[in-house]
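S.K.: Here it is, the structure, as structure tokens.
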Amino acid sequence: MIGTNPIKIGARERVLGLTRFGVDQGRPGDLYLLLLRAFTAPARIKRLESDAAGRLPGVVRIFTAADIPGINRIGIIPSTKDQPVLSDGLIRCRGEAVALVAAETQEAGMQALGAIELELEPLAGVFDPKRALEPDVPLVHEKGNLLFRQRVIRGHADEALARSPYRLRTVYSTAPVEHGPLEVEGGRADWEDGRISVTACTQNPHYDQSDLARLLGLPPELIRVRQSETGGGFGKKLDLSVQSYLALAAFHLKRPVRMVYSREESFLGTGKRHALLIDYESGMDAQGKLTAVKVDILGDSGAYASYGFAVCMRAAVHATGPYEVPHVLVDSRMAYTNNAWAGAMRGFGVPQMAFAHEGQMDGLADLIGLDPLELRLGNCLRNGSTTATGQILKDSVGIGDCLRRLGKIYRAWQPRVRSDERFRRGLGIGAMYYGIGNTGVSNPSSAQMEFSASGELIVYTGAAEIGQGSDTVLAQMAAHYFGMPLEQVRLVRGDTKRTTSAGASSASRQTYISGNAVLDAARDLERILKEGAAAMWECRLDEIEYKSTGMEGPRGESIPVTEIVARLARQGREVKGNGRFDPPVTVLDHQTGQGAPYASYAFAAQLASVEVDTVSGLVRVPRVAAAHDVGRAINRRAVRGQIAGGVVMGVGFATMEEFIPGKTDNFREYHMPTMADAPRITPLIIESHDPSGPYGAKGVGEPSLIPTAPAVANAASRALGVRMTHLPMSLERVMETLSQTRNSKPEIRNKSGF
Amino acid sequence: MAETIDFFLNGELVSVQCPENETLLYLLRERVGLRSVKEGCGVGECGACTVLLEGRAVNACLLAAGKVRGRRVTTIEGLSPKGRLHPLQEGFLLMGAVQCGFCTPGLILAAHSLLEENPHPSREAIVQGLAGNLCRCTGYHDIIRAVKWAAKRMPERE
Amino acid sequence: MKPSYLAPLTLEEALEHLNRRGETVRVLAGGTDLMVEIRAARLKGNTVPPALLDVSAIPELREIRMEAGHLHLGAAVTFHTLEHDPLIKKMVPVLSAAAAQMGSVQVRRLATIGGNVGTASPAGDGITPLTALDAEVKVVSRDKSRVLPLTDLITGPGRTGLAANELIHSFSLAFPAAPERCFFSKIMRRRAVAIARMNLAVQIRLVDSGMIQSSRIAAGAVFPTPRRLMEVEGLLIGQLPGKELFQACGRRAVEAMRVVSGRRPSMAYKEPALERLVVQGLEQTCGV
């Protein structure tokens with residue numbers, strides 16, 4: 001069962017078109033909800049007049065911030081809840097929601113939107129994160145424009161750099177990126193006897209419940225959040241979106257309501273990947289060993305905090321990449337601006353950091369004249385290494401194995417990579433490590449398990465399945481534990497009434513953390529069953545053996561599981577195993593960033609071949625080989641699927657994706673890779689077996705994406721002979737580079753070809 | 001103003017009240033209640049709303065409802081009339097081409113149209129033929145494998 | 001209330017409607033631009049969709065035939081047909097090549113050449129090859145019809161000289177008297193299904209001596225309206241294909257763009273891209 005390839009749970013319904021996603025929840029008779037948004041920012045609302053609009057036929061009610069009974073501030077991080085659900089009088093960024101219309105039909109609702117009178121008074125704003133932290137600039141929030149700052153200090157980086165024979169300093173930058181799941185935000189809410197029930201696509205139903213309760217000033221028990229089937233997330237569906245509006249309207253109107261964002265709203269109304277500006281200095285000794293890094297990171301959180309705190313911290317912690325660096329000085333700051341707000345997106349700042357640290361590794365390899373792969377192998381973390389935060393990695397450090405596996409392919413591809421007059425070609429490597437779970441905080445998961453009367457194993461989990469395959473993986477673990485076929489495992493999932501919190505489906509944490517919680521529940525259930533049998537047969541617990549057919553006693557007694565369950569139930573005992581897992585981590589020291597922020601780390605390295613068209617500037621990625629240390633692959637097919645999906649998202653990040661509000665806010669202008677843009681992918685699974693993971697597993701969701709853009713950027717840099725320091729490598733940027741280098745000698749050696 | 005539009009939906013003649021200048025996507029989702037047809041972008045860029053019109057893939061979000069009058073429209077339900085999986089559906093299952101599954105019905109229909117025109121497509125033909133269907137989860141890797149798998153198993157047509 | 005959707009089966013009927021309701025009805029062909037426009041207007045709170053006059057089923061507008069050395073193309077011929085029709089592929093391969101790169105398969109099945117011209121995007125994938133081919137367009141109304149060069153019909157980005165009661169009827173393309181070589185290339189931000197950042201159509205006739213006897217070149221998203229690159233064509237006539245010649249052509253194309261389109265921020269990209277695209281297009285066409 002572990003390491004096999006069962007067909008994904010829910011896939012059959014999906015190929016038949018039976019699956020109901022968040023956007024499919026509406027039913028005839030539901031009221032439609034629509035948002036009036038403001039497009040001038042920053043601005044102050046001078047006048048908001050909705051009475052006439054509210055009297056239009058078919059319009060039921062129009063809500064503004066004044067209708068929010070609880071606290072009009074949401075946000076995942078408890079200390080930075082700063083985002084109003086409906087504007088509190090200020091428009092801090094473009095697209096901010098001002099009024100919510102409930103109407104009998106979509107048409108009536110749209111008419112009302114057109115009839116609401118909104119007058120805005122433009123204010124001075126700040127749009128550059130650097131400028132935002134200078135004195136005497138407009139404040140986005142009263143508390144100031146610095147959202148968060150995290151330092152990581154180990155050793156004496158300045159002195160070590162001064163002593164280093166090789167030094168390299170480069171400034172890297174990245175653009176805001178949209179997640180682009182194919183399903184936009186959508187859902188439905190209903191009201192019954194003072195209880196509100198919200199069904200919507202989400203990555204974290206239990207968080208949704210808590211912030212909705214706060215918003216409405218209700219105890220959480222009165223709000224039930226059910227995760228509908230969810231058409232992709234990638235971090236986009238971690239923050240609240242339609243849920244707030246659905247709950248607010250159902251609360252007031254006591255009627256079922258439905259809401260679906262348009263694609264344009266979905267671009268505007270959710271957080272983007274943070275644009276980071278990374279000033280990176282590396283030092284290396286004469287033997288090619290890293291001596292020190294000094295990194296200054298500045299992130300643009302836009303107008304709201306969302307996950308800015310977490311991204312700031314994770315970027316700092318991962319700044320060195322998967323390498324041993326004795327002296328580290330990282331200063332990571334996250335600033336508020338009046339730009340589009342940024343939130344969680346697959347990797348939480350690490351994809352941006354990997355672009356920088358991998359650019360440095362390639363640059364250092366050129367400085368000293370070593371092969372980029374060899375330089376990485378010589379510096380990478382290994383069992384027993386100490387990370388930048390001072391954490392000693394005892395085991396399961398698979399980066400060396402990942403690089404070695406790639407090495408064979410690297411050498412095989414090298415002779416094939418040749419530039420010609422039109423196309424410049426190159427190979428590039430990207431490597432990364434990624435801490436599984438949230439950074440330096442408790443982030444538990446819980447699960448329950450029981451046998452039904454007919455002998456099915458029922459697993460209760462709050463873990464949101466968003467396409468990544470957590471349902472299948474958790475069910476496989478449960479089935480494996482009890483030696484049952486997967487078909488006999490049933491999941492109850494993502495419902496605040498029937499399941500307990502598993503935390504978010506983010507940070508690549510569900511396989512590792514919820515997997516451990518499921519195994520804990522399985523052990524608990526086994527114990528309960530054994531206790532029942534031991535009482536019946538009057539023997540010790542350790543004399544009972546669980547077999548897939550039932551329990552067996554020391555004197556050859558046996559009883560089917562269903563019977564022991566029935567027996568215990570008759571005795572009034574609850575036959576439900578309870579499981580919990582919270583990864584053992586330490587809080588980072590606020591001054592130095594030292595600590596053990598994660599209990600497990602995933603490692604990966606990828607190799608990309610790139611072809612740059614000198615006519616158009618288009619960067620094409622024909623091939624990627626991706627080696628991933630996942631600890632243990634619970635479901636090999638799902639792991640390969642995550643890798644392929646991550647790689648293509650990474651190709652988009654590297655070559656074409658950039659969110660520009662008002663310009664690239666639908667798929668017509670915002671380009672994501674199509675099938676024609678996807679490279680041929682060779683996924684390579686490395687299993688280092690993490691003893692702390694469930695059956696040795698770690699995580700792969702985000703690691704799959706992280707090395708791709710660095711590998712592509714390094715390959716393009718080799719192809720062009722110039723270090724590419726900004727993502728995306730758009731047509732315009734590549735053309736500019738081509739024009740600059742047309743008549744000069746390349747700065748970067750393209751040894752393999754190329 | 002809602003006119004009656006008569007057309008063949010998955011082989012059956014249906015009469016649907018719907019404004020003809022609405023989209024076929026609206027007609028199918030909101031008037032017929034067929035939720036398997038997905039809206040991904042509304043502007044013909046993502047292919048999630050792909051249906052077959054006279055057997056060929058089109059974007060339901062771009063098609064005026066009035067255009068289907070008297071014509072044959074096929075949605076994913078039409079591929080497996082008796083609950084028996086079509087080779088494409090089976091291929092998507094077996095090759096792991098389904099992750100979140102939101103793009104899946106549209107992709108299967110687009111692939112169906114492709115195989116009707118080109119029963120044994122090369123990789124490049126698959127890639128060009130399905131470039132109008134975005135998927136953000138799979139990286140397309142397993143979708144291409146699924147289409148190849150199905151192409152080998154499609155019932156031979158005379 | 002007037003019907004909001006009309007789908008006449010004859011041209012006469014369509015022109016009658018257009019004559020009566022020209023201002024209040026929108027001509028719908030494939031709908032791949034118009035339905036998007038209607039959606040955008042609705043999202044902005046304009047909830048009344050215009051009445052639509054669907055002309056896509058009128059047989060006359062779907063005709064493809066040869067007549068007197070010309071190819072006649074009905075306005076409602078789809079891009080899918082342009083891409084696959086054997087006659088078009090043989091006689092005007094540059095148009096087939098362009099059609100194959102427009103949008104997705106799904107869009108090509110709906111989108112029509114008349115619609116593409118009517119939308120008049122400076123980057124229209126159908127417009128560039130038609131311009132290179134010196135297409136004439138026939139425009140009809142109830143009471144008259146006129147034939148004019150395509151380049152005269154399109155008056156600005158997104159604008160045409162069509163009167164409210166007029167309909168694009170068909171295009172007429174002269175066949176070359178002798179075989180010509182052709183080329184179409186499109187620059188996109190990705191490898192498929194994207195708006196042209198720039199496109200180029202080239203049609204060249206070489207005589208046996210290898211000399212360039214005639215050339216017709218058009219570029220999209222370079223000028224506000226479609227236009228042949230006569231400046232470049234002039235350099236080519238009577239010359240032998242060669243690298244230096246083509247490089248001069250690339251530079252000349254850029255000069256023409258500067259003169260006609262003026263200086264814009266996008267020129268930092270477009271100048272080198274046009275130069276290289278012209279060189280590559282000529283090299284590939286002439287097999288240099």
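If you're wondering about the labels, chains in the structure tokens are A, B, ... by order shown, residues count from 1 in each chain, ligands from 1 in order shown.
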Quick one: everything within 8 Å of Asn46 in chain C, counting only C-alpha atoms, minus sequence neighbours fewer than 6 positions away in the same chain. Send it as a ChimeraX atom specification.

M.R.: /A:110-111,114

S.K.: Could the residues of chain C that have an atom at most 10 Å from chain B be listed as a tab-separated table, each with its closest atom pair and the distance in Å to one decimal, counting only C-alpha atoms and ordered by chain and ascending residue number?

M.R.:
residue	atom	partner	partner_atom	distance
C:Met1	CA	B:Met1	CA	9.0
C:Lys2	CA	B:Met1	CA	9.8
C:Pro3	CA	B:Met1	CA	8.3
C:Ser4	CA	B:Asn21	CA	6.8
C:Tyr5	CA	B:Glu20	CA	6.0
C:Leu6	CA	B:Gly66	CA	8.6
C:Ala7	CA	B:Gly66	CA	8.1
C:Leu28	CA	B:Ala64	CA	8.9
C:Ala29	CA	B:Ala64	CA	9.8
C:Gly30	CA	B:Leu63	CA	7.5
C:Gly31	CA	B:Leu62	CA	6.0
C:Thr32	CA	B:Leu62	CA	5.5
C:Asp33	CA	B:Leu62	CA	8.2
C:Leu34	CA	B:Leu62	CA	8.4
C:Met35	CA	B:Leu62	CA	5.6
C:Val36	CA	B:Val43	CA	5.4
C:Glu37	CA	B:Val43	CA	8.9
C:Ile38	CA	B:Glu22	CA	9.5
C:Arg39	CA	B:Gly42	CA	7.8
C:Ala40	CA	B:Val43	CA	9.1
C:Pro49	CA	B:Asn21	CA	7.4
C:Pro50	CA	B:Asn21	CA	8.2
C:Ala51	CA	B:Asn21	CA	7.3
C:Leu52	CA	B:Asn21	CA	6.7
C:Leu53	CA	B:Asn21	CA	9.7
C:Asp54	CA	B:Lys67	CA	8.1
C:Ser56	CA	B:Lys67	CA	8.9
C:Ala57	CA	B:Lys67	CA	9.0
C:Ala100	CA	B:Gln128	CA	9.7
C:Gln101	CA	B:Gln128	CA	9.5
C:Gly103	CA	B:Gly132	CA	7.5
C:Ser104	CA	B:Gly132	CA	4.6
C:Val105	CA	B:Gly129	CA	6.2
C:Gln106	CA	B:Val58	CA	4.3
C:Val107	CA	B:Val58	CA	6.6
C:Arg108	CA	B:Val58	CA	8.6
C:Arg109	CA	B:Val58	CA	6.7
C:Leu110	CA	B:Val58	CA	7.2
C:Ala111	CA	B:Leu62	CA	9.7
C:Arg191	CA	B:Ala131	CA	9.0
C:Ala192	CA	B:Ala131	CA	6.4
C:Val193	CA	B:Gly132	CA	6.4
C:Ala194	CA	B:Glu45	CA	8.7

S.K.: Keeping N, CA and C atoms for every residue in the selection just given, could you write it to a file as a short mmCIF file (atom, residue, chain, number, x, y, z; two decimals), in the first residue's frame?

M.R.:
data_model
loop_
_atom_site.label_atom_id
_atom_site.label_comp_id
_atom_site.auth_asym_id
_atom_site.auth_seq_id
_atom_site.Cartn_x
_atom_site.Cartn_y
_atom_site.Cartn_z
N MET C 1 -41.37 44.29 -27.67
CA MET C 1 -39.91 44.35 -27.59
C MET C 1 -39.30 43.67 -28.82
N LYS C 2 -38.25 44.27 -29.30
CA LYS C 2 -37.60 43.72 -30.49
C LYS C 2 -36.80 42.48 -30.10
N PRO C 3 -36.72 41.51 -31.02
CA PRO C 3 -35.94 40.32 -30.68
C PRO C 3 -34.47 40.68 -30.45
N SER C 4 -33.85 40.01 -29.51
CA SER C 4 -32.48 40.35 -29.15
C SER C 4 -31.47 39.50 -29.92
N TYR C 5 -32.00 38.56 -30.69
CA TYR C 5 -31.08 37.69 -31.42
C TYR C 5 -31.71 37.33 -32.75
N LEU C 6 -31.01 37.63 -33.80
CA LEU C 6 -31.53 37.35 -35.14
C LEU C 6 -30.52 36.48 -35.85
N ALA C 7 -31.02 35.44 -36.48
CA ALA C 7 -30.12 34.55 -37.22
C ALA C 7 -30.67 34.29 -38.60
N LEU C 28 -22.80 39.46 -35.33
CA LEU C 28 -22.12 38.35 -34.66
C LEU C 28 -21.74 37.33 -35.72
N ALA C 29 -20.48 36.97 -35.71
CA ALA C 29 -20.08 35.87 -36.61
C ALA C 29 -19.69 34.70 -35.71
N GLY C 30 -18.38 34.52 -35.45
CA GLY C 30 -17.99 33.44 -34.53
C GLY C 30 -18.24 33.82 -33.08
N GLY C 31 -18.13 35.10 -32.80
CA GLY C 31 -18.39 35.57 -31.44
C GLY C 31 -17.17 35.56 -30.53
N THR C 32 -16.02 35.15 -31.05
CA THR C 32 -14.88 35.00 -30.15
C THR C 32 -14.35 36.33 -29.64
N ASP C 33 -14.61 37.40 -30.35
CA ASP C 33 -14.30 38.73 -29.81
C ASP C 33 -15.53 39.37 -29.19
N LEU C 34 -16.66 39.27 -29.90
CA LEU C 34 -17.86 39.99 -29.47
C LEU C 34 -18.39 39.47 -28.13
N MET C 35 -18.41 38.17 -27.94
CA MET C 35 -18.95 37.65 -26.68
C MET C 35 -18.06 38.08 -25.50
N VAL C 36 -16.78 38.19 -25.76
CA VAL C 36 -15.85 38.65 -24.72
C VAL C 36 -16.11 40.12 -24.40
N GLU C 37 -16.37 40.87 -25.45
CA GLU C 37 -16.67 42.30 -25.27
C GLU C 37 -17.96 42.48 -24.47
N ILE C 38 -18.96 41.68 -24.79
CA ILE C 38 -20.25 41.78 -24.08
C ILE C 38 -20.06 41.42 -22.62
N ARG C 39 -19.29 40.37 -22.36
CA ARG C 39 -19.03 39.98 -20.98
C ARG C 39 -18.33 41.11 -20.21
N ALA C 40 -17.35 41.73 -20.87
CA ALA C 40 -16.61 42.81 -20.20
C ALA C 40 -17.55 43.96 -19.87
N PRO C 49 -27.31 43.45 -22.78
CA PRO C 49 -26.49 43.06 -23.91
C PRO C 49 -27.13 43.55 -25.19
N PRO C 50 -26.33 43.87 -26.17
CA PRO C 50 -26.90 44.38 -27.42
C PRO C 50 -27.64 43.26 -28.14
N ALA C 51 -28.54 43.66 -29.03
CA ALA C 51 -29.17 42.67 -29.91
C ALA C 51 -28.10 42.16 -30.87
N LEU C 52 -28.17 40.89 -31.18
CA LEU C 52 -27.14 40.28 -32.01
C LEU C 52 -27.73 39.85 -33.35
N LEU C 53 -26.99 40.11 -34.41
CA LEU C 53 -27.38 39.65 -35.74
C LEU C 53 -26.34 38.61 -36.15
N ASP C 54 -26.75 37.37 -36.03
CA ASP C 54 -25.81 36.26 -36.29
C ASP C 54 -25.80 35.96 -37.78
N SER C 56 -23.49 34.01 -39.23
CA SER C 56 -22.56 32.90 -39.51
C SER C 56 -23.19 31.77 -40.30
N ALA C 57 -24.52 31.72 -40.33
CA ALA C 57 -25.16 30.60 -41.04
C ALA C 57 -25.55 30.95 -42.47
N ALA C 100 -3.39 28.90 -38.54
CA ALA C 100 -3.04 27.80 -37.64
C ALA C 100 -2.45 28.30 -36.33
N GLN C 101 -2.01 29.55 -36.32
CA GLN C 101 -1.40 30.07 -35.09
C GLN C 101 -2.34 30.99 -34.33
N GLY C 103 -5.13 31.74 -31.85
CA GLY C 103 -5.93 31.18 -30.76
C GLY C 103 -5.77 29.68 -30.60
N SER C 104 -6.76 29.09 -29.95
CA SER C 104 -6.73 27.65 -29.73
C SER C 104 -7.56 26.96 -30.81
N VAL C 105 -7.50 25.65 -30.85
CA VAL C 105 -8.33 24.88 -31.77
C VAL C 105 -9.80 25.28 -31.59
N GLN C 106 -10.21 25.38 -30.32
CA GLN C 106 -11.61 25.69 -30.04
C GLN C 106 -12.00 27.06 -30.61
N VAL C 107 -11.10 28.01 -30.46
CA VAL C 107 -11.39 29.36 -30.96
C VAL C 107 -11.39 29.38 -32.48
N ARG C 108 -10.46 28.66 -33.08
CA ARG C 108 -10.37 28.66 -34.54
C ARG C 108 -11.61 28.08 -35.21
N ARG C 109 -12.29 27.19 -34.49
CA ARG C 109 -13.50 26.61 -35.07
C ARG C 109 -14.63 27.64 -35.14
N LEU C 110 -14.59 28.63 -34.30
CA LEU C 110 -15.66 29.63 -34.26
C LEU C 110 -15.26 30.91 -34.99
N ALA C 111 -14.04 31.35 -34.76
CA ALA C 111 -13.62 32.67 -35.23
C ALA C 111 -13.61 32.71 -36.75
N ARG C 191 4.29 29.70 -26.27
CA ARG C 191 4.41 29.01 -27.55
C ARG C 191 3.08 28.78 -28.26
N ALA C 192 1.98 29.03 -27.60
CA ALA C 192 0.69 28.82 -28.26
C ALA C 192 -0.38 29.66 -27.58
N VAL C 193 -1.45 29.89 -28.31
CA VAL C 193 -2.65 30.53 -27.76
C VAL C 193 -2.32 31.84 -27.04
N ALA C 194 -1.83 32.79 -27.81
CA ALA C 194 -1.58 34.10 -27.22
C ALA C 194 -1.69 35.15 -28.31
#

S.K.: Residues of chain C that approach chain A to 9 Å or less, counting only C-alpha atoms: could you list each one with the shortest pair of atoms and its distance in Å to one decimal, rows by chain and increasing residue number, as a tab-separated table?

M.R.:
residue	atom	partner	partner_atom	distance
C:Arg42	CA	A:Met110	CA	7.5
C:Leu43	CA	A:Met110	CA	7.5
C:Lys44	CA	A:Gly114	CA	7.5
C:Gly45	CA	A:Gly114	CA	4.8
C:Asn46	CA	A:Gly114	CA	7.3
C:Thr47	CA	A:Gln111	CA	6.3
C:Val48	CA	A:Glu107	CA	8.8
C:Ile187	CA	A:Ser616	CA	6.1
C:Met188	CA	A:Leu618	CA	7.9
C:Arg189	CA	A:Met656	CA	6.7
C:Arg190	CA	A:Asp677	CA	6.6
C:Arg191	CA	A:Asp677	CA	5.7
C:Ala192	CA	A:Ala676	CA	6.2
C:Val193	CA	A:Thr674	CA	7.9
C:Ala194	CA	A:Arg668	CA	7.4
C:Ile195	CA	A:Arg668	CA	8.0
C:Ser266	CA	A:Glu732	CA	8.8
C:Ala268	CA	A:Glu736	CA	7.7
C:Tyr269	CA	A:Glu732	CA	5.5
C:Lys270	CA	A:Glu732	CA	8.7
C:Pro272	CA	A:Met735	CA	7.5
C:Ala273	CA	A:Ser616	CA	5.8
C:Leu274	CA	A:Val615	CA	8.3
C:Glu275	CA	A:Val615	CA	8.5
C:Arg276	CA	A:Val615	CA	5.2
C:Leu277	CA	A:Val615	CA	5.8
C:Val279	CA	A:Val615	CA	8.9
C:Gln280	CA	A:Val615	CA	7.4

S.K.: May I have the residues within 12 Å of Glu244 in chain C as a ChimeraX atom specification, using only C-alpha atoms and disregarding those fewer than 4 positions away in the same chain?

M.R.: /C:235-236,239-240,248-251,279,282-283,288

S.K.: Select all residues from chain B having any atom no more than 7 Å from an atom of chain A (counting only C-alpha atoms, ignoring ligands), output as a PyMOL selection string.

M.R.: chain B and resi 35-36+40-41+45+76-77+89+93-94+96+98-105+127-128+130-131+134-141

S.K.: Could those selected residues go to a file with C-alpha atoms, as an mmCIF file, in the first residue's frame?

M.R.:
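Dumped everything to again.cif:
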data_model
loop_
_atom_site.group_PDB
_atom_site.id
_atom_site.type_symbol
_atom_site.label_atom_id
_atom_site.label_comp_id
_atom_site.auth_asym_id
_atom_site.auth_seq_id
_atom_site.Cartn_x
_atom_site.Cartn_y
_atom_site.Cartn_z
ATOM 1 C CA ARG B 35 -22.428 21.665 -13.638
ATOM 2 C CA SER B 36 -19.838 19.511 -15.385
ATOM 3 C CA GLY B 40 -12.499 29.047 -15.855
ATOM 4 C CA CYS B 41 -12.078 32.475 -17.404
ATOM 5 C CA GLU B 45 -8.606 31.281 -22.951
ATOM 6 C CA ILE B 76 -18.801 14.939 -20.594
ATOM 7 C CA GLU B 77 -22.003 13.127 -19.644
ATOM 8 C CA GLN B 89 -11.777 8.825 -19.149
ATOM 9 C CA LEU B 93 -7.738 7.793 -14.409
ATOM 10 C CA LEU B 94 -4.996 5.288 -14.996
ATOM 11 C CA GLY B 96 -2.926 10.059 -13.056
ATOM 12 C CA VAL B 98 -6.500 14.135 -12.762
ATOM 13 C CA GLN B 99 -5.374 16.276 -9.860
ATOM 14 C CA CYS B 100 -7.883 18.939 -8.826
ATOM 15 C CA GLY B 101 -9.998 17.820 -11.773
ATOM 16 C CA PHE B 102 -11.525 21.169 -12.605
ATOM 17 C CA CYS B 103 -10.056 21.215 -16.109
ATOM 18 C CA THR B 104 -10.728 17.508 -16.636
ATOM 19 C CA PRO B 105 -14.138 17.479 -18.395
ATOM 20 C CA VAL B 127 0.335 19.504 -27.556
ATOM 21 C CA GLN B 128 -0.856 21.878 -30.268
ATOM 22 C CA LEU B 130 -4.810 20.791 -26.525
ATOM 23 C CA ALA B 131 -2.937 24.066 -25.998
ATOM 24 C CA LEU B 134 -5.052 25.186 -19.303
ATOM 25 C CA CYS B 135 -4.212 22.942 -16.373
ATOM 26 C CA ARG B 136 -2.365 24.337 -13.388
ATOM 27 C CA CYS B 137 -1.916 21.109 -11.403
ATOM 28 C CA THR B 138 -0.475 18.358 -13.546
ATOM 29 C CA GLY B 139 2.112 20.101 -15.669
ATOM 30 C CA TYR B 140 0.357 18.299 -18.550
ATOM 31 C CA HIS B 141 2.810 15.412 -18.293
#

S.K.: CA of Tyr245 in chain A and CA of Gly125 in chain A, how far apart in Å?

M.R.: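 Between these atoms lies a distance of 27.6 Å.
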
S.K.: Would you list the contacts of Ala132 in chain A as a ChimeraX atom specification, taking every protein, DNA or RNA residue within 8 Å and counting only C-alpha atoms, but skipping same-chain residues closer than 3 positions in sequence?

M.R.: /A:126-129,137-139,145-146,335-337

S.K.: Once you have the residues from the selection above, write them out as a PDB file, in the first residue's frame, restricted to N, CA and C atoms.

M.R.:
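Final output, saved to out.pdb:
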ATOM      1  N   VAL A 126       2.107  55.007  -1.641  1.00  0.00           N
ATOM      2  CA  VAL A 126       3.492  54.576  -1.786  1.00  0.00           C
ATOM      3  C   VAL A 126       3.472  53.221  -2.486  1.00  0.00           C
ATOM      4  N   PHE A 127       4.255  53.119  -3.531  1.00  0.00           N
ATOM      5  CA  PHE A 127       4.173  51.942  -4.387  1.00  0.00           C
ATOM      6  C   PHE A 127       5.500  51.196  -4.520  1.00  0.00           C
ATOM      7  N   ASP A 128       6.505  51.731  -3.854  1.00  0.00           N
ATOM      8  CA  ASP A 128       7.811  51.091  -3.926  1.00  0.00           C
ATOM      9  C   ASP A 128       8.194  50.682  -2.496  1.00  0.00           C
ATOM     10  N   PRO A 129       8.425  49.402  -2.262  1.00  0.00           N
ATOM     11  CA  PRO A 129       8.689  48.962  -0.887  1.00  0.00           C
ATOM     12  C   PRO A 129       9.911  49.631  -0.256  1.00  0.00           C
ATOM     13  N   VAL A 137       6.874  59.231   4.505  1.00  0.00           N
ATOM     14  CA  VAL A 137       6.108  58.728   3.357  1.00  0.00           C
ATOM     15  C   VAL A 137       4.692  58.443   3.847  1.00  0.00           C
ATOM     16  N   PRO A 138       3.732  58.398   2.932  1.00  0.00           N
ATOM     17  CA  PRO A 138       2.369  58.063   3.358  1.00  0.00           C
ATOM     18  C   PRO A 138       2.346  56.685   4.021  1.00  0.00           C
ATOM     19  N   LEU A 139       1.565  56.575   5.086  1.00  0.00           N
ATOM     20  CA  LEU A 139       1.462  55.300   5.784  1.00  0.00           C
ATOM     21  C   LEU A 139       0.270  54.514   5.235  1.00  0.00           C
ATOM     22  N   ASN A 145       4.871  51.373   7.990  1.00  0.00           N
ATOM     23  CA  ASN A 145       4.945  50.558   6.774  1.00  0.00           C
ATOM     24  C   ASN A 145       5.819  49.320   6.897  1.00  0.00           C
ATOM     25  N   LEU A 146       6.475  49.161   8.040  1.00  0.00           N
ATOM     26  CA  LEU A 146       7.251  47.932   8.202  1.00  0.00           C
ATOM     27  C   LEU A 146       6.343  46.876   8.820  1.00  0.00           C
ATOM     28  N   ALA A 335       7.458  45.032   3.686  1.00  0.00           N
ATOM     29  CA  ALA A 335       6.889  46.384   3.749  1.00  0.00           C
ATOM     30  C   ALA A 335       5.466  46.412   3.210  1.00  0.00           C
ATOM     31  N   TYR A 336       4.679  47.282   3.813  1.00  0.00           N
ATOM     32  CA  TYR A 336       3.369  47.609   3.240  1.00  0.00           C
ATOM     33  C   TYR A 336       3.550  48.646   2.136  1.00  0.00           C
ATOM     34  N   THR A 337       2.780  48.490   1.071  1.00  0.00           N
ATOM     35  CA  THR A 337       2.690  49.524   0.032  1.00  0.00           C
ATOM     36  C   THR A 337       1.228  49.582  -0.407  1.00  0.00           C
TER      37      THR A 337
END
